[in-house]
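Structure data (mmCIF, C-alpha atoms and all ligand atoms) from my_file30.cif:
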data_structure
loop_
_atom_site.label_atom_id
_atom_site.label_comp_id
_atom_site.auth_asym_id
_atom_site.auth_seq_id
_atom_site.Cartn_x
_atom_site.Cartn_y
_atom_site.Cartn_z
CA MET A 1 -14.82 16.33 8.01
CA LYS A 2 -11.09 17.07 7.68
CA TYR A 3 -8.44 14.30 7.87
CA ASP A 4 -4.67 14.18 7.46
CA VAL A 5 -4.79 11.16 5.17
CA ILE A 6 -7.63 9.54 3.23
CA THR A 7 -7.04 6.03 1.91
CA VAL A 8 -9.25 4.47 -0.71
CA GLY A 9 -8.53 0.79 -0.89
CA SER A 10 -9.07 -2.85 -0.16
CA ILE A 11 -10.07 -4.48 3.11
CA ASN A 12 -9.40 -8.24 3.24
CA MET A 13 -9.25 -11.17 5.56
CA ASP A 14 -5.82 -12.76 5.07
CA VAL A 15 -5.13 -16.45 5.51
CA ILE A 16 -1.43 -16.61 6.29
CA VAL A 17 0.33 -19.88 5.56
CA GLU A 18 3.86 -20.12 6.97
CA CYS A 19 5.82 -22.89 5.30
CA PRO A 20 9.47 -23.92 5.13
CA GLN A 21 9.42 -23.46 1.35
CA TYR A 22 6.81 -23.14 -1.35
CA PRO A 23 5.42 -26.51 -2.45
CA ALA A 24 6.43 -27.65 -5.93
CA TYR A 25 3.63 -27.67 -8.51
CA GLY A 26 1.23 -30.50 -7.68
CA ASP A 27 2.86 -31.28 -4.29
CA THR A 28 1.22 -31.45 -0.87
CA VAL A 29 3.34 -30.25 2.06
CA PHE A 30 2.90 -29.50 5.76
CA ALA A 31 2.81 -25.84 6.83
CA ASN A 32 4.49 -24.51 10.00
CA SER A 33 1.29 -22.60 10.80
CA ILE A 34 -1.91 -21.30 9.26
CA GLY A 35 -3.80 -18.34 10.70
CA MET A 36 -6.24 -15.58 9.80
CA THR A 37 -5.42 -11.92 10.21
CA PRO A 38 -6.82 -8.57 9.03
CA GLY A 39 -5.27 -7.30 5.80
CA GLY A 40 -5.98 -5.58 2.52
CA LYS A 41 -3.71 -2.97 0.99
CA GLY A 42 -6.03 -0.06 1.78
CA ALA A 43 -6.59 -1.23 5.34
CA ASN A 44 -2.88 -1.85 5.94
CA GLN A 45 -2.03 1.64 4.66
CA ALA A 46 -4.75 3.27 6.75
CA VAL A 47 -3.63 1.40 9.88
CA THR A 48 -0.04 2.53 9.22
CA ALA A 49 -1.09 6.18 9.01
CA ALA A 50 -3.21 5.88 12.16
CA ARG A 51 -0.44 4.12 14.11
CA LEU A 52 1.89 6.93 13.08
CA GLY A 53 -0.52 9.41 14.67
CA LYS A 54 -2.41 10.76 11.66
CA LYS A 55 -6.15 11.38 11.51
CA THR A 56 -7.06 8.77 8.93
CA ALA A 57 -10.20 7.73 7.07
CA LEU A 58 -10.51 4.61 4.97
CA ILE A 59 -13.02 4.41 2.11
CA GLY A 60 -13.70 0.85 1.01
CA ALA A 61 -16.17 -2.01 1.17
CA VAL A 62 -16.63 -5.26 3.05
CA GLY A 63 -19.38 -7.88 2.84
CA LYS A 64 -22.25 -8.20 5.27
CA ASP A 65 -20.57 -11.25 6.78
CA SER A 66 -18.67 -12.09 9.92
CA ALA A 67 -15.28 -11.30 8.35
CA GLY A 68 -16.56 -7.87 7.30
CA THR A 69 -17.87 -7.07 10.77
CA GLN A 70 -14.64 -8.30 12.37
CA LEU A 71 -12.50 -6.21 10.00
CA LEU A 72 -14.51 -3.04 10.68
CA LYS A 73 -14.08 -3.57 14.43
CA ASN A 74 -10.37 -4.15 14.00
CA LEU A 75 -9.93 -0.93 11.98
CA SER A 76 -11.82 1.16 14.54
CA SER A 77 -9.77 -0.34 17.36
CA LYS A 78 -6.62 0.77 15.51
CA GLY A 79 -7.81 4.37 15.22
CA VAL A 80 -9.03 4.39 11.60
CA ASP A 81 -12.31 6.21 10.88
CA THR A 82 -14.54 3.53 9.33
CA SER A 83 -17.66 5.66 8.89
CA HIS A 84 -17.19 5.82 5.10
CA ILE A 85 -16.80 2.05 4.60
CA LEU A 86 -19.68 0.28 2.87
CA GLN A 87 -20.95 -3.06 4.10
CA VAL A 88 -22.62 -4.64 1.05
CA GLU A 89 -25.20 -7.45 0.95
CA GLU A 90 -24.46 -8.99 -2.43
CA HIS A 91 -20.71 -9.68 -2.18
CA GLY A 92 -18.47 -11.30 0.39
CA THR A 93 -15.50 -9.68 2.09
CA GLY A 94 -12.24 -9.85 0.09
CA THR A 95 -10.10 -12.82 1.07
CA PHE A 96 -6.42 -13.44 0.33
CA VAL A 97 -4.22 -16.44 0.96
CA ALA A 98 -0.57 -15.50 1.52
CA MET A 99 2.18 -18.11 1.64
CA ILE A 100 5.33 -17.01 3.45
CA ASP A 101 8.48 -19.10 3.21
CA GLU A 102 11.45 -19.08 5.55
CA THR A 103 13.10 -16.18 3.71
CA GLY A 104 10.06 -14.04 4.63
CA GLU A 105 9.08 -13.73 0.93
CA ASN A 106 5.38 -14.02 0.17
CA THR A 107 3.20 -15.22 -2.69
CA MET A 108 -0.49 -14.36 -2.68
CA VAL A 109 -3.75 -15.21 -4.35
CA GLY A 110 -7.10 -13.68 -3.49
CA THR A 111 -10.58 -12.57 -4.43
CA LYS A 112 -11.52 -8.92 -4.40
CA GLY A 113 -15.13 -9.61 -3.35
CA ALA A 114 -16.81 -6.45 -2.01
CA ASN A 115 -13.71 -4.36 -2.81
CA ASP A 116 -14.63 -4.59 -6.47
CA HIS A 117 -18.11 -3.15 -5.95
CA ILE A 118 -17.50 0.46 -4.96
CA SER A 119 -19.11 2.77 -7.50
CA GLU A 120 -18.18 6.23 -8.73
CA GLU A 121 -21.32 7.55 -6.98
CA ASP A 122 -20.23 5.94 -3.69
CA ILE A 123 -16.89 7.72 -3.93
CA ASN A 124 -18.29 11.08 -5.00
CA SER A 125 -20.83 11.18 -2.21
CA VAL A 126 -18.10 10.52 0.41
CA PHE A 127 -15.73 13.11 -1.09
CA GLU A 128 -18.52 15.72 -0.80
CA GLN A 129 -18.24 15.33 2.97
CA ILE A 130 -14.51 14.95 3.56
CA ASP A 131 -11.16 16.53 2.83
CA ALA A 132 -7.47 15.86 3.52
CA LYS A 133 -4.03 16.84 2.31
CA ILE A 134 -3.14 13.40 0.95
CA LEU A 135 -4.97 10.61 -0.86
CA LEU A 136 -3.43 7.15 -0.81
CA VAL A 137 -4.85 4.72 -3.34
CA GLN A 138 -3.89 1.29 -4.70
CA LEU A 139 -5.30 -1.02 -7.39
CA GLU A 140 -7.31 -3.62 -5.50
CA THR A 141 -10.75 -1.97 -5.63
CA SER A 142 -12.98 -1.31 -8.65
CA GLN A 143 -11.35 0.77 -11.38
CA GLU A 144 -14.20 3.29 -11.18
CA SER A 145 -13.59 3.81 -7.46
CA ILE A 146 -9.88 4.38 -8.12
CA ILE A 147 -10.40 6.93 -10.90
CA ALA A 148 -13.28 8.70 -9.13
CA SER A 149 -11.31 9.10 -5.91
CA MET A 150 -8.23 10.39 -7.71
CA LYS A 151 -10.30 12.89 -9.69
CA ALA A 152 -12.14 14.05 -6.56
CA ALA A 153 -8.86 14.41 -4.65
CA LYS A 154 -7.27 16.41 -7.49
CA SER A 155 -10.25 18.75 -7.62
CA LYS A 156 -9.70 19.43 -3.89
CA GLY A 157 -6.00 20.13 -4.44
CA MET A 158 -4.90 16.99 -2.55
CA TYR A 159 -1.54 15.27 -3.24
CA VAL A 160 -2.37 11.87 -4.78
CA ILE A 161 -0.10 8.90 -4.03
CA LEU A 162 -0.75 5.83 -6.18
CA ASP A 163 0.72 2.56 -4.96
CA PRO A 164 0.27 0.57 -8.21
CA ALA A 165 -0.27 -2.73 -6.42
CA PRO A 166 -0.93 -5.48 -7.14
CA ALA A 167 0.68 -5.68 -10.58
CA ASP A 168 -2.41 -7.59 -11.72
CA GLY A 169 -4.54 -4.47 -11.13
CA ILE A 170 -2.46 -2.07 -13.24
CA PHE A 171 -4.36 -0.01 -15.83
CA ASN A 172 -3.06 3.03 -17.66
CA GLU A 173 -5.73 5.61 -16.85
CA ALA A 174 -4.76 5.55 -13.16
CA PHE A 175 -1.41 7.22 -13.91
CA LYS A 176 -3.15 10.29 -15.36
CA TYR A 177 -4.24 11.52 -11.94
CA ALA A 178 -1.29 10.51 -9.72
CA ASP A 179 1.21 13.02 -8.32
CA LEU A 180 3.45 10.26 -7.00
CA VAL A 181 3.69 6.58 -8.02
CA VAL A 182 5.57 4.07 -5.82
CA PRO A 183 5.94 0.72 -7.63
CA ASN A 184 8.01 -2.23 -6.45
CA LYS A 185 10.19 -4.19 -8.88
CA GLN A 186 7.42 -6.43 -10.25
CA GLU A 187 5.02 -3.51 -10.70
CA THR A 188 7.74 -1.40 -12.33
CA GLU A 189 8.36 -4.14 -14.88
CA ARG A 190 4.63 -4.45 -15.57
CA ILE A 191 4.31 -0.67 -16.11
CA THR A 192 7.51 -0.02 -18.07
CA GLY A 193 8.75 -3.37 -19.40
CA ILE A 194 12.06 -2.67 -17.63
CA GLN A 195 13.52 -5.22 -15.22
CA VAL A 196 14.93 -3.26 -12.31
CA HIS A 197 18.18 -4.71 -10.95
CA ASP A 198 20.23 -1.59 -10.11
CA GLN A 199 20.07 2.18 -9.86
CA THR A 200 20.59 2.69 -13.62
CA SER A 201 17.66 0.47 -14.58
CA ALA A 202 15.54 2.03 -11.82
CA HIS A 203 16.34 5.49 -13.20
CA LEU A 204 15.35 4.43 -16.73
CA ALA A 205 12.09 2.98 -15.43
CA ALA A 206 11.34 6.15 -13.45
CA GLU A 207 11.79 8.19 -16.66
CA LYS A 208 9.24 5.97 -18.42
CA ILE A 209 6.75 6.52 -15.60
CA HIS A 210 7.27 10.30 -15.81
CA GLU A 211 6.37 9.98 -19.50
CA LEU A 212 2.92 8.76 -18.40
CA GLY A 213 2.37 12.20 -16.86
CA VAL A 214 3.47 11.43 -13.28
CA LYS A 215 5.44 14.21 -11.52
CA ASP A 216 7.14 12.23 -8.74
CA VAL A 217 8.28 8.60 -8.81
CA ILE A 218 9.79 6.29 -6.20
CA ILE A 219 11.01 2.89 -7.42
CA LYS A 220 11.15 0.47 -4.48
CA MET A 221 13.79 -2.23 -4.67
CA ALA A 222 13.07 -3.97 -1.34
CA GLU A 223 16.35 -4.72 0.49
CA ASN A 224 18.23 -2.81 -2.25
CA GLY A 225 16.72 0.55 -1.30
CA SER A 226 14.64 3.02 -3.30
CA LEU A 227 15.19 5.57 -6.02
CA ILE A 228 13.41 8.93 -5.81
CA SER A 229 12.96 10.88 -9.03
CA GLN A 230 11.49 14.37 -8.93
CA ASN A 231 12.05 17.67 -10.74
CA GLY A 232 14.81 16.10 -12.82
CA SER A 233 16.82 15.06 -9.76
CA ILE A 234 17.55 11.52 -8.61
CA THR A 235 18.24 10.44 -5.03
CA PHE A 236 18.94 6.93 -3.79
CA VAL A 237 17.86 5.88 -0.29
CA ASP A 238 19.25 2.70 1.31
CA ALA A 239 16.94 0.15 2.90
CA ILE A 240 17.68 -0.67 6.53
CA ALA A 241 19.41 -4.00 7.12
CA VAL A 242 16.99 -6.44 8.75
CA LYS A 243 16.34 -10.15 8.73
CA ALA A 244 13.06 -10.50 6.83
CA VAL A 245 10.50 -12.59 8.70
CA ASP A 246 7.25 -11.59 7.01
CA THR A 247 7.04 -9.31 3.96
CA VAL A 248 3.22 -9.30 3.68
CA GLY A 249 2.10 -5.66 3.73
CA ALA A 250 5.65 -4.22 3.67
CA GLY A 251 4.78 -2.08 0.64
CA ASP A 252 1.59 -0.91 2.34
CA CYS A 253 3.51 0.10 5.43
CA TYR A 254 6.00 1.95 3.21
CA ALA A 255 3.24 3.87 1.40
CA GLY A 256 1.39 4.76 4.61
CA ALA A 257 4.57 5.91 6.34
CA LEU A 258 5.67 7.86 3.27
CA ALA A 259 2.35 9.75 3.21
CA CYS A 260 2.68 10.63 6.91
CA ALA A 261 6.27 11.81 6.66
CA TYR A 262 5.58 13.79 3.49
CA LEU A 263 2.75 15.52 5.31
CA ASP A 264 5.14 16.45 8.11
CA THR A 265 8.20 17.44 6.05
CA ASN A 266 6.98 18.27 2.54
CA ASP A 267 10.25 16.58 1.48
CA LEU A 268 10.00 13.37 -0.53
CA VAL A 269 13.55 12.20 0.18
CA GLU A 270 13.11 12.62 3.95
CA ALA A 271 9.75 10.87 3.63
CA ALA A 272 11.37 7.96 1.74
CA LYS A 273 14.02 7.58 4.47
CA PHE A 274 11.32 7.47 7.14
CA ALA A 275 9.23 4.99 5.10
CA SER A 276 12.25 2.70 4.61
CA VAL A 277 12.73 2.47 8.36
CA ALA A 278 9.03 1.85 9.03
CA ALA A 279 8.81 -0.87 6.34
CA GLY A 280 12.09 -2.43 7.51
CA ILE A 281 10.78 -2.74 11.07
CA LYS A 282 7.54 -4.20 9.72
CA VAL A 283 9.26 -6.99 7.74
CA SER A 284 11.49 -7.88 10.67
CA ARG A 285 8.55 -9.18 12.71
CA SER A 286 5.39 -11.20 12.15
CA GLY A 287 1.89 -10.26 13.31
CA GLY A 288 0.11 -8.67 10.34
CA GLN A 289 -1.09 -5.13 11.08
CA ASP A 290 0.14 -5.42 14.68
CA ALA A 291 3.70 -5.57 13.33
CA ILE A 292 3.35 -2.07 11.79
CA PRO A 293 5.52 0.23 13.91
CA THR A 294 4.36 3.26 15.89
CA MET A 295 5.95 6.70 15.53
CA GLU A 296 8.00 6.08 18.71
CA GLU A 297 9.39 2.84 17.28
CA VAL A 298 10.37 4.45 13.98
CA GLN A 299 11.99 7.43 15.73
CA ALA A 300 13.84 5.17 18.18
CA TYR A 301 15.25 2.94 15.41
CA LYS A 302 19.02 2.94 15.17
CA GLN A 303 20.78 1.01 12.43
CA PRO A 304 23.13 -1.54 14.06
CA GLN A 305 26.79 -0.55 13.44
O1 LIG B 401 -0.07 -5.98 0.52
C1 LIG B 401 -0.50 -7.03 1.33
C2 LIG B 401 -1.99 -7.21 1.20
O2 LIG B 401 -2.30 -7.53 -0.14
C3 LIG B 401 -2.55 -8.33 2.01
O3 LIG B 401 -2.92 -7.92 3.29
C4 LIG B 401 -3.69 -8.87 1.15
O4 LIG B 401 -4.93 -8.75 1.73
C5 LIG B 401 -3.60 -8.09 -0.16
O5 LIG B 401 -4.46 -7.00 -0.19
#

Any chance you could put this one into structure tokens?
Amino acid sequence: MKYDVITVGSINMDVIVECPQYPAYGDTVFANSIGMTPGGKGANQAVTAARLGKKTALIGAVGKDSAGTQLLKNLSSKGVDTSHILQVEEHGTGTFVAMIDETGENTMVGTKGANDHISEEDINSVFEQIDAKILLVQLETSQESIIASMKAAKSKGMYVILDPAPADGIFNEAFKYADLVVPNKQETERITGIQVHDQTSAHLAAEKIHELGVKDVIIKMAENGSLISQNGSITFVDAIAVKAVDTVGAGDCYAGALACAYLDTNDLVEAAKFASVAAGIKVSRSGGQDAIPTMEEVQAYKQPQ
């Protein structure tokens, strides 16, 4: 089976806690709201690609529990091919708790659950049946699933985009097989030791990531834009100006949109501009995966003067 985009990644149930501000250590505070919504970096990226009109498959794992069944249904309803997702007996579906304060910033803690139990054999047997131009992968599934999928994608001549998220999942071998790496500020610091606060520090950090063997690098600086480094040339792309309401999954939306636009244009700078708009729209509204924009919404976006 041929797809536009294949995503290998996590599928989680998110518990979203909206609070006026994060509680101080040891405090108990009232939340504005608490709700459950489909999430997971792999799932969010796959939903983004599907909403932007691309034929998308997600490879991942959920538990044989009600959350797992609900998440599979949700993905299918959003146009993602779920036929390569495992539903495992022994482990529960990944679950994350995300706290969002009134600035829209989020802090998360979660368990990988079934996401951490995808084997090299599972990946290889799926890649024998499928193909695509782009692989999108993050760091929230088992390390063997990440490496196996990148190796399989490279052997098929696919362009491999590694979103090195979360920072807690970073391991060096993953960079060996990535064509493009798209870290945010925290991840960049974890990879390079460099604190990114402007274009100069972002450039230095990008150079360090190239030294790991990565051809193309995009350093994401949230509301401060992104820096694209490829073939010795540096381009800076502004973020769109929005009031952040909910930043959960903004990076996933960026990566999914970037993959789609790169597929269409073969131009990383154009793709980064498109991804900045898609992610900006996403953070300006709440609603989990339903807040991810469609192609029409991204194309219709006009920056207020
Ligand atoms: O990037 C946001 C996602 O990270 C959440 O949906 C959560 O499930 C974790 O995977």

> Using all atoms listed in the file, what residues lie at most 10 Å away from (10.8, 13.9, 1.6) (file coordinates), given as a ChimeraX atom specification?
Replying inline: /A:228,258-259,261-275

If you take all atoms listed in the file and a cut-off of 9 Å, which residues of range 116-219 of chain A touch range 48-66 of chain A, and what are their nearest atom pairs and distances in Å to one decimal, in chain and number order, as JSON lines?
{"residue": "A:Asp116", "atom": "CA", "partner": "A:Ala61", "partner_atom": "CA", "distance": 8.2}
{"residue": "A:His117", "atom": "CA", "partner": "A:Ala61", "partner_atom": "CA", "distance": 7.5}
{"residue": "A:Ile118", "atom": "CA", "partner": "A:Ala61", "partner_atom": "CA", "distance": 6.7}
{"residue": "A:Ile123", "atom": "CA", "partner": "A:Ile59", "partner_atom": "CA", "distance": 7.9}
{"residue": "A:Val126", "atom": "CA", "partner": "A:Ile59", "partner_atom": "CA", "distance": 8.1}
{"residue": "A:Ala132", "atom": "CA", "partner": "A:Thr56", "partner_atom": "CA", "distance": 8.9}
{"residue": "A:Thr141", "atom": "CA", "partner": "A:Gly60", "partner_atom": "CA", "distance": 7.8}
{"residue": "A:Ser145", "atom": "CA", "partner": "A:Gly60", "partner_atom": "CA", "distance": 9.0}

> Distance CA of Ile218 in chain A-CA of His203 in chain A, one decimal place?
Replying inline: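 Taking CA of Ile218 in chain A as the start and CA of His203 in chain A as the end point, the length is 9.6 Å.
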
>> Neighbours of ligand LIG 401 (chain B) at 9 Å or closer, counting all atoms listed in the file: which residues, as a count of residues only?
In response: 37

> Out of A:Leu162, A:Glu89, A:Gln186, A:Val242, which residue has the shortest atom-to-atom distance to Val214 in chain A when counting only C-alpha atoms?
Replying inline: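 Among the listed residues, A:Leu162 lies closest to Val214 in chain A.
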
>> Just the number, please: distance in Å from CA of Ala241 in chain A to CA of Asp101 in chain A, one decimal.
In response: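 These two atoms are separated by 19.0 Å.
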
> What's the 7 Å shell around range 278-287 of chain A, counting all atoms listed in the file, without same-chain residues fewer than 5 positions away, as a list in words?
Replying inline: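 Here the answer would be Ile240, Val242, Lys243, Ala244, Val245, Asp246, Thr247, Ala250, Cys253, Tyr254, Ala257, Ile292, Pro293 and Val298 of chain A.
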
Axis-aligned box for range 281-287 of chain A, 8 Å per side, centre and edges in Å as JSON:
{"center_x": 6.7, "center_y": -7.0, "center_z": 10.5, "size_x": 25.6, "size_y": 24.5, "size_z": 21.6}

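Near Ile191 in chain A, within 9 Å and counting only C-alpha atoms, sit A:Pro164, A:Ala167, A:Ile170, A:Phe171, A:Asn172, A:Pro183, A:Gln186, A:Ala205, A:Lys208, A:Ile209, not including residues fewer than 5 positions from it in the same chain.
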
> Interatomic distance between CA of Thr192 in chain A and CA of Leu135 in chain A?
Replying inline: 23.8 Å

>> Which polymer residues, whether protein, DNA or RNA, lie within 12 Å of the coordinate (-10.0, 5.9, -9.6) when you count only C-alpha atoms? List them as number ranges by chain, using the chain letters and numbers from the file.
In response: A: 7-9, 116, 118-124, 135-154, 160-162, 164, 169-178

> Out of A:Ala206, A:Cys260, A:Ala46, A:Val277, which residue has the shortest atom-to-atom distance to Asp238 in chain A when counting only C-alpha atoms?
Replying inline: A:Val277

>> When you count only C-alpha atoms, which of these residues is closest to Gly35 in chain A: A:Leu71, A:Ala291, A:Ile100, A:Val217?
In response: A:Ile100

> Which one is closest to Asn184 in chain A: A:Ile130, A:Leu204, A:Ala255, A:Ile85? Count all atoms listed in the file.
Replying inline: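 Closest to Asn184 in chain A, using all atoms listed in the file: A:Ala255.
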